Amino acid sequence: MIIVTGGAGFIGSNLVAALDGRGERVVVCDWLESEDKWRNIAKRDLEAIITPEQLNDFLANYGSDIEAIFHMGAISSTTETNVDLIIETNFRLSRKLWLWSREMRTQFIYASSAATYGSGTAGFKDDESIEGLGQLRPLNPYGWSKHLFDRWVARQKSRGTEMPAQCIGLKFFNVFGPNEYHKGGQRSVAEQIFPYTQRSEPFPLFKSHNPNFEDGGQLRDFIWVGDCVNVMLWLFEHPKINGLFNLGTGKARSFADLAMAVYQAAGQAPLIKYRDMPETLRDKYQYFTEADMGKLRSVGYTAPFTGLEEGIKLYVQNYLAAPDKYL
């Protein structure tokens with residue numbers, strides 16, 4: 001069996017779909033809550049669905065049957081202010097699952113985040129050394145919690161501690177694609193723009209409050225969720241590979257480019273206006289992110305990444321504009 005924590009979430013449910021399509025026995029560990037999050041996994045043939053509170057008992061009862069844990073579950077909101085809750089979920093649970101995977105000799109692949117890079121002044125190279133990680137300064141509790149676990153894993157490795165059968169951390173950049181609809185304000189900007197295209201209204205992007213970037217010129221490494229799944233499956237199939245890896249395209253694009261791509265994919269002329277960024281975000285805002293993908297390429301991953309316009313077209317026409325928008 002393969003456990004996917006956060007398996008009803010955005011990236012997790014896309015991974016679950018791929019694993020189910022391969023005939024794997026998949027266990028989803030997540031809260032489904034009271035809205036439509038359940039639809040993210042409604043088409044899947046699952047071995048079990050458990051809540052995080054049931055995870056310890058499940059591991060105790062079925063541990064010998066578990067081949068791998070994909071730990072995608074986290075409090076991922078960059079605006080969450082309950083830091084104790086963030087640490088309990090994003091650090092302590094990750095540590096517990098890592099230790100269990102080491103004991104049981106299972107593969108452990110977990111979600112880190114590009115938020116660990118903070119403002120980006122130290123660059124975006126996925127250096128997993130203690131010294132390299134020590135240079136990073138995340139801007140919010142979410143990024144810090146992910147960074148804290150990356151550093152903890154690096155410390156175990158530096159001490160020569162026995163590791164899980166495979167240990168992979170993935171620093172996801174700006175992922176977009178189906179099944180993100182439950183994420184509220186944390187949905188990708190692409191998904192937020194689409195309803196405006198249907199009403200022929202201009203979407204309000206943030207103004208720039210940095211003189212080095214024009215309005216709409218803020219840059220992100222946008223990556224199609226299908227590419228993220230392909231990388232995770234490839235790493236799973238190569239269990240001798242270990243380490244902390246960026247997961248982006250390696251090519252930053254502007255929010256204006258993204259907006260134009262969404263309108264064009266929806267068959268509409270681009271309509272964009274600009275609004276002031278909330279003051280609470282201005283000192284925590286990343287104006288540029290771009291994954292250095294050399295490390296993943298160096299271990300043998302050769303598949304191309306989907307271009308922004310192509311990925312947006314897939315998303316809009318196959319999901320957002322379709323009668324059934326779920327994967």
# chains A, B, ... in the order shown; residues from 1 in each chain; ligands from 1
$ residues_around --residues "Thr116 (chain A)" --least-positions-apart "4" --cutoff "6 Å" --atoms "only C-alpha atoms" --output "short mmCIF file (atom, residue, chain, number, x, y, z; two decimals) with N, CA and C atoms, in the first residue's frame"
data_model
loop_
_atom_site.label_atom_id
_atom_site.label_comp_id
_atom_site.auth_asym_id
_atom_site.auth_seq_id
_atom_site.Cartn_x
_atom_site.Cartn_y
_atom_site.Cartn_z
N PRO A 138 12.97 32.36 5.47
CA PRO A 138 11.56 32.39 5.07
C PRO A 138 10.85 33.62 5.63
N GLY A 143 6.44 28.97 5.51
CA GLY A 143 7.76 28.74 4.91
C GLY A 143 8.78 28.32 5.96
N HIS A 147 10.98 24.87 6.18
CA HIS A 147 12.42 25.02 6.26
C HIS A 147 12.98 24.31 7.50
#
$ closest_atom_pairs --of "region 158-188 of chain A" --to "region 37-42 of chain A" --cutoff "10 Å" --atoms "only C-alpha atoms" --output "Markdown table"
| residue | atom | partner | partner_atom | distance |
| --- | --- | --- | --- | --- |
| A:Pro178 | CA | A:Asn40 | CA | 8.7 |
| A:Asn179 | CA | A:Asn40 | CA | 5.6 |
| A:Glu180 | CA | A:Asn40 | CA | 8.5 |
| A:Tyr181 | CA | A:Lys37 | CA | 8.0 |
| A:His182 | CA | A:Lys37 | CA | 5.9 |
| A:Lys183 | CA | A:Lys37 | CA | 9.1 |
$ select_by_dssp --residues "region 22-88 of chain A" --states "strand (DSSP E or B)" --output "MDAnalysis selection string"
chainID A and resid 26:29 48:50 68:71
$ residues_around --residues "Asn82 (chain A)" --least-positions-apart "5" --cutoff "10 Å" --atoms "only C-alpha atoms" --output "JSON, numbers by chain"
{"A": [87, 141, 142]}
$ residues_around --residues "Ser112 (chain A)" --least-positions-apart "5" --cutoff "8 Å" --atoms "only C-alpha atoms" --output "ChimeraX atom specification"
/A:146-147,150,169-172
$ write_last_selection --atoms "C-alpha atoms" --output "PDB file, in the first residue's frame"
ATOM      1  CA  LYS A 146       8.896  23.676   5.955  1.00  0.00           C
ATOM      2  CA  HIS A 147      12.424  25.021   6.262  1.00  0.00           C
ATOM      3  CA  ASP A 150      14.366  20.454   5.721  1.00  0.00           C
ATOM      4  CA  GLY A 169      12.016  16.515  -0.222  1.00  0.00           C
ATOM      5  CA  LEU A 170      10.397  18.589  -2.973  1.00  0.00           C
ATOM      6  CA  LYS A 171      10.381  22.381  -2.973  1.00  0.00           C
ATOM      7  CA  PHE A 172       7.210  23.051  -4.954  1.00  0.00           C
TER       8      PHE A 172
END
$ residues_around --residues "Leu85 (chain A)" --least-positions-apart "6" --cutoff "12 Å" --atoms "only C-alpha atoms" --output "compact mmCIF listing (two decimals) with C-alpha atoms, in the first residue's frame"
# COMPACT_ATOMS: atom_id res chain seq x y z
CA ALA A 74 0.33 20.42 5.56
CA ILE A 75 -1.15 23.70 6.62
CA SER A 76 -0.15 25.46 3.44
CA SER A 77 -1.69 28.88 3.91
CA PHE A 91 7.07 19.86 11.52
CA ARG A 92 6.18 17.40 14.29
CA LEU A 93 4.01 15.16 12.11
CA PRO A 141 5.41 30.76 9.47
CA TYR A 142 4.45 28.31 6.72
CA SER A 145 7.94 25.33 9.25
$ closest_residue --among "A:Cys228, A:Leu148, A:Ile49, A:Ala18" --to "Ala303 (chain A)" --atoms "only C-alpha atoms"
A:Cys228
$ closest_residue --among "A:Gly243, A:Gly267, A:Gly216, A:Gly177" --to "Ser298 (chain A)" --atoms "only C-alpha atoms"
A:Gly243
$ residues_around --residues "region 202-215 of chain A" --least-positions-apart "6" --cutoff "6 Å" --atoms "only C-alpha atoms" --output "list of chain:residue names"
A:Leu271, A:Ile272, A:Lys273, A:Tyr274, A:Arg275, A:Asp276, A:Met277
$ closest_residue --among "A:Asn230, A:Thr51, A:Asn140, A:Gln198" --to "Leu15 (chain A)" --atoms "only C-alpha atoms"
A:Asn230
$ select_by_dssp --residues "region 109-164 of chain A" --states "helix (DSSP H, G or I)" --output "number ranges by chain"
A: 114-117, 130-133, 141-158
$ write_last_selection --atoms "C-alpha atoms" --output "short mmCIF file (atom, residue, chain, number, x, y, z; two decimals), in the first residue's frame"
data_model
loop_
_atom_site.label_atom_id
_atom_site.label_comp_id
_atom_site.auth_asym_id
_atom_site.auth_seq_id
_atom_site.Cartn_x
_atom_site.Cartn_y
_atom_site.Cartn_z
CA ALA A 114 9.66 27.40 -2.45
CA ALA A 115 8.43 29.55 0.45
CA THR A 116 11.56 28.35 2.27
CA TYR A 117 13.60 30.70 0.05
CA ILE A 130 23.52 22.55 6.62
CA GLU A 131 25.45 25.64 5.58
CA GLY A 132 23.35 26.24 2.48
CA LEU A 133 20.04 25.83 4.27
CA PRO A 141 5.41 30.76 9.47
CA TYR A 142 4.45 28.31 6.72
CA GLY A 143 7.76 28.74 4.91
CA TRP A 144 9.66 28.59 8.20
CA SER A 145 7.94 25.33 9.25
CA LYS A 146 8.90 23.68 5.96
CA HIS A 147 12.42 25.02 6.26
CA LEU A 148 12.66 23.74 9.83
CA PHE A 149 11.95 20.20 8.66
CA ASP A 150 14.37 20.45 5.72
CA ARG A 151 17.08 21.47 8.17
CA TRP A 152 16.16 18.66 10.58
CA VAL A 153 16.50 16.08 7.78
CA ALA A 154 19.83 17.59 6.72
CA ARG A 155 21.08 17.34 10.29
CA GLN A 156 20.20 13.63 10.48
CA LYS A 157 22.06 13.02 7.25
CA SER A 158 25.12 14.97 8.40
#
$ closest_residue --among "A:Asp36, A:Leu296, A:Gln317, A:His71" --to "Ile241 (chain A)" --atoms "only C-alpha atoms"
A:Leu296
$ residues_around --residues "Gln192 (chain A)" --least-positions-apart "4" --cutoff "10 Å" --atoms "only C-alpha atoms" --output "list in words"
Tyr181, Gly184, Gly185, Gln186, Arg187, Ser188, Tyr196, Thr197, Phe203, Ala259 and Val262 of chain A
$ closest_residue --among "A:Phe305, A:Phe70, A:Trp31, A:Tyr315" --to "Asp227 (chain A)" --atoms "only C-alpha atoms"
A:Phe305
$ closest_residue --among "A:Leu46, A:Leu19, A:Cys29, A:Ile193" --to "Val4 (chain A)" --atoms "only C-alpha atoms"
A:Cys29
$ decode --residues "region 236-268 of chain A" --atoms "N, CA and C atoms" --output "PDB file, in the first residue's frame"
ATOM      1  N   PHE A 236       9.833   7.988  -7.220  1.00  0.00           N
ATOM      2  CA  PHE A 236       9.358   6.771  -6.572  1.00  0.00           C
ATOM      3  C   PHE A 236       9.898   5.524  -7.278  1.00  0.00           C
ATOM      4  N   GLU A 237      10.006   5.608  -8.587  1.00  0.00           N
ATOM      5  CA  GLU A 237      10.517   4.473  -9.377  1.00  0.00           C
ATOM      6  C   GLU A 237      12.034   4.368  -9.335  1.00  0.00           C
ATOM      7  N   HIS A 238      12.701   5.352  -8.743  1.00  0.00           N
ATOM      8  CA  HIS A 238      14.163   5.348  -8.624  1.00  0.00           C
ATOM      9  C   HIS A 238      14.527   5.509  -7.148  1.00  0.00           C
ATOM     10  N   PRO A 239      14.303   4.446  -6.359  1.00  0.00           N
ATOM     11  CA  PRO A 239      14.438   4.557  -4.902  1.00  0.00           C
ATOM     12  C   PRO A 239      15.849   4.796  -4.395  1.00  0.00           C
ATOM     13  N   LYS A 240      16.853   4.669  -5.260  1.00  0.00           N
ATOM     14  CA  LYS A 240      18.217   4.943  -4.813  1.00  0.00           C
ATOM     15  C   LYS A 240      18.533   6.437  -4.808  1.00  0.00           C
ATOM     16  N   ILE A 241      17.657   7.234  -5.400  1.00  0.00           N
ATOM     17  CA  ILE A 241      17.849   8.685  -5.402  1.00  0.00           C
ATOM     18  C   ILE A 241      17.314   9.266  -4.101  1.00  0.00           C
ATOM     19  N   ASN A 242      18.094  10.115  -3.470  1.00  0.00           N
ATOM     20  CA  ASN A 242      17.701  10.788  -2.236  1.00  0.00           C
ATOM     21  C   ASN A 242      18.081  12.258  -2.329  1.00  0.00           C
ATOM     22  N   GLY A 243      17.425  13.084  -1.529  1.00  0.00           N
ATOM     23  CA  GLY A 243      17.835  14.476  -1.477  1.00  0.00           C
ATOM     24  C   GLY A 243      16.677  15.448  -1.492  1.00  0.00           C
ATOM     25  N   LEU A 244      17.031  16.722  -1.466  1.00  0.00           N
ATOM     26  CA  LEU A 244      16.084  17.835  -1.470  1.00  0.00           C
ATOM     27  C   LEU A 244      16.158  18.502  -2.842  1.00  0.00           C
ATOM     28  N   PHE A 245      15.015  18.565  -3.544  1.00  0.00           N
ATOM     29  CA  PHE A 245      15.007  19.027  -4.931  1.00  0.00           C
ATOM     30  C   PHE A 245      13.980  20.132  -5.141  1.00  0.00           C
ATOM     31  N   ASN A 246      14.342  21.124  -5.966  1.00  0.00           N
ATOM     32  CA  ASN A 246      13.371  22.084  -6.462  1.00  0.00           C
ATOM     33  C   ASN A 246      12.397  21.384  -7.391  1.00  0.00           C
ATOM     34  N   LEU A 247      11.161  21.909  -7.419  1.00  0.00           N
ATOM     35  CA  LEU A 247      10.189  21.419  -8.388  1.00  0.00           C
ATOM     36  C   LEU A 247       9.442  22.610  -8.976  1.00  0.00           C
ATOM     37  N   GLY A 248      10.053  23.140 -10.022  1.00  0.00           N
ATOM     38  CA  GLY A 248       9.477  24.201 -10.832  1.00  0.00           C
ATOM     39  C   GLY A 248       9.824  23.898 -12.271  1.00  0.00           C
ATOM     40  N   THR A 249       9.707  24.891 -13.131  1.00  0.00           N
ATOM     41  CA  THR A 249      10.078  24.683 -14.537  1.00  0.00           C
ATOM     42  C   THR A 249      11.474  25.194 -14.851  1.00  0.00           C
ATOM     43  N   GLY A 250      11.982  26.083 -13.975  1.00  0.00           N
ATOM     44  CA  GLY A 250      13.257  26.728 -14.256  1.00  0.00           C
ATOM     45  C   GLY A 250      13.118  27.989 -15.088  1.00  0.00           C
ATOM     46  N   LYS A 251      11.863  28.419 -15.342  1.00  0.00           N
ATOM     47  CA  LYS A 251      11.621  29.605 -16.162  1.00  0.00           C
ATOM     48  C   LYS A 251      10.562  30.473 -15.493  1.00  0.00           C
ATOM     49  N   ALA A 252      10.951  31.625 -14.978  1.00  0.00           N
ATOM     50  CA  ALA A 252      10.012  32.548 -14.352  1.00  0.00           C
ATOM     51  C   ALA A 252       9.214  33.297 -15.408  1.00  0.00           C
ATOM     52  N   ARG A 253       7.927  33.489 -15.125  1.00  0.00           N
ATOM     53  CA  ARG A 253       7.045  34.262 -16.002  1.00  0.00           C
ATOM     54  C   ARG A 253       6.272  35.270 -15.152  1.00  0.00           C
ATOM     55  N   SER A 254       5.787  36.316 -15.772  1.00  0.00           N
ATOM     56  CA  SER A 254       5.104  37.371 -15.032  1.00  0.00           C
ATOM     57  C   SER A 254       3.632  37.030 -14.806  1.00  0.00           C
ATOM     58  N   PHE A 255       3.051  37.678 -13.801  1.00  0.00           N
ATOM     59  CA  PHE A 255       1.623  37.521 -13.569  1.00  0.00           C
ATOM     60  C   PHE A 255       0.822  38.074 -14.740  1.00  0.00           C
ATOM     61  N   ALA A 256       1.330  39.090 -15.410  1.00  0.00           N
ATOM     62  CA  ALA A 256       0.651  39.602 -16.603  1.00  0.00           C
ATOM     63  C   ALA A 256       0.623  38.535 -17.695  1.00  0.00           C
ATOM     64  N   ASP A 257       1.739  37.815 -17.877  1.00  0.00           N
ATOM     65  CA  ASP A 257       1.758  36.705 -18.837  1.00  0.00           C
ATOM     66  C   ASP A 257       0.714  35.656 -18.482  1.00  0.00           C
ATOM     67  N   LEU A 258       0.639  35.333 -17.198  1.00  0.00           N
ATOM     68  CA  LEU A 258      -0.323  34.337 -16.741  1.00  0.00           C
ATOM     69  C   LEU A 258      -1.746  34.785 -17.039  1.00  0.00           C
ATOM     70  N   ALA A 259      -2.062  36.025 -16.702  1.00  0.00           N
ATOM     71  CA  ALA A 259      -3.416  36.532 -16.931  1.00  0.00           C
ATOM     72  C   ALA A 259      -3.775  36.505 -18.408  1.00  0.00           C
ATOM     73  N   MET A 260      -2.856  36.942 -19.256  1.00  0.00           N
ATOM     74  CA  MET A 260      -3.135  36.935 -20.698  1.00  0.00           C
ATOM     75  C   MET A 260      -3.376  35.513 -21.197  1.00  0.00           C
ATOM     76  N   ALA A 261      -2.614  34.555 -20.667  1.00  0.00           N
ATOM     77  CA  ALA A 261      -2.769  33.166 -21.093  1.00  0.00           C
ATOM     78  C   ALA A 261      -4.142  32.621 -20.712  1.00  0.00           C
ATOM     79  N   VAL A 262      -4.646  32.991 -19.526  1.00  0.00           N
ATOM     80  CA  VAL A 262      -5.958  32.503 -19.095  1.00  0.00           C
ATOM     81  C   VAL A 262      -7.055  33.084 -19.979  1.00  0.00           C
ATOM     82  N   TYR A 263      -7.028  34.394 -20.218  1.00  0.00           N
ATOM     83  CA  TYR A 263      -8.043  35.010 -21.084  1.00  0.00           C
ATOM     84  C   TYR A 263      -8.005  34.408 -22.490  1.00  0.00           C
ATOM     85  N   GLN A 264      -6.819  34.233 -23.023  1.00  0.00           N
ATOM     86  CA  GLN A 264      -6.707  33.698 -24.378  1.00  0.00           C
ATOM     87  C   GLN A 264      -7.193  32.247 -24.454  1.00  0.00           C
ATOM     88  N   ALA A 265      -6.876  31.450 -23.433  1.00  0.00           N
ATOM     89  CA  ALA A 265      -7.332  30.059 -23.416  1.00  0.00           C
ATOM     90  C   ALA A 265      -8.851  29.979 -23.313  1.00  0.00           C
ATOM     91  N   ALA A 266      -9.456  31.005 -22.687  1.00  0.00           N
ATOM     92  CA  ALA A 266     -10.916  31.060 -22.565  1.00  0.00           C
ATOM     93  C   ALA A 266     -11.571  31.716 -23.771  1.00  0.00           C
ATOM     94  N   GLY A 267     -10.763  32.084 -24.775  1.00  0.00           N
ATOM     95  CA  GLY A 267     -11.300  32.696 -25.987  1.00  0.00           C
ATOM     96  C   GLY A 267     -11.706  34.135 -25.804  1.00  0.00           C
ATOM     97  N   GLN A 268     -11.072  34.829 -24.854  1.00  0.00           N
ATOM     98  CA  GLN A 268     -11.395  36.222 -24.561  1.00  0.00           C
ATOM     99  C   GLN A 268     -10.177  37.121 -24.762  1.00  0.00           C
TER     100      GLN A 268
END
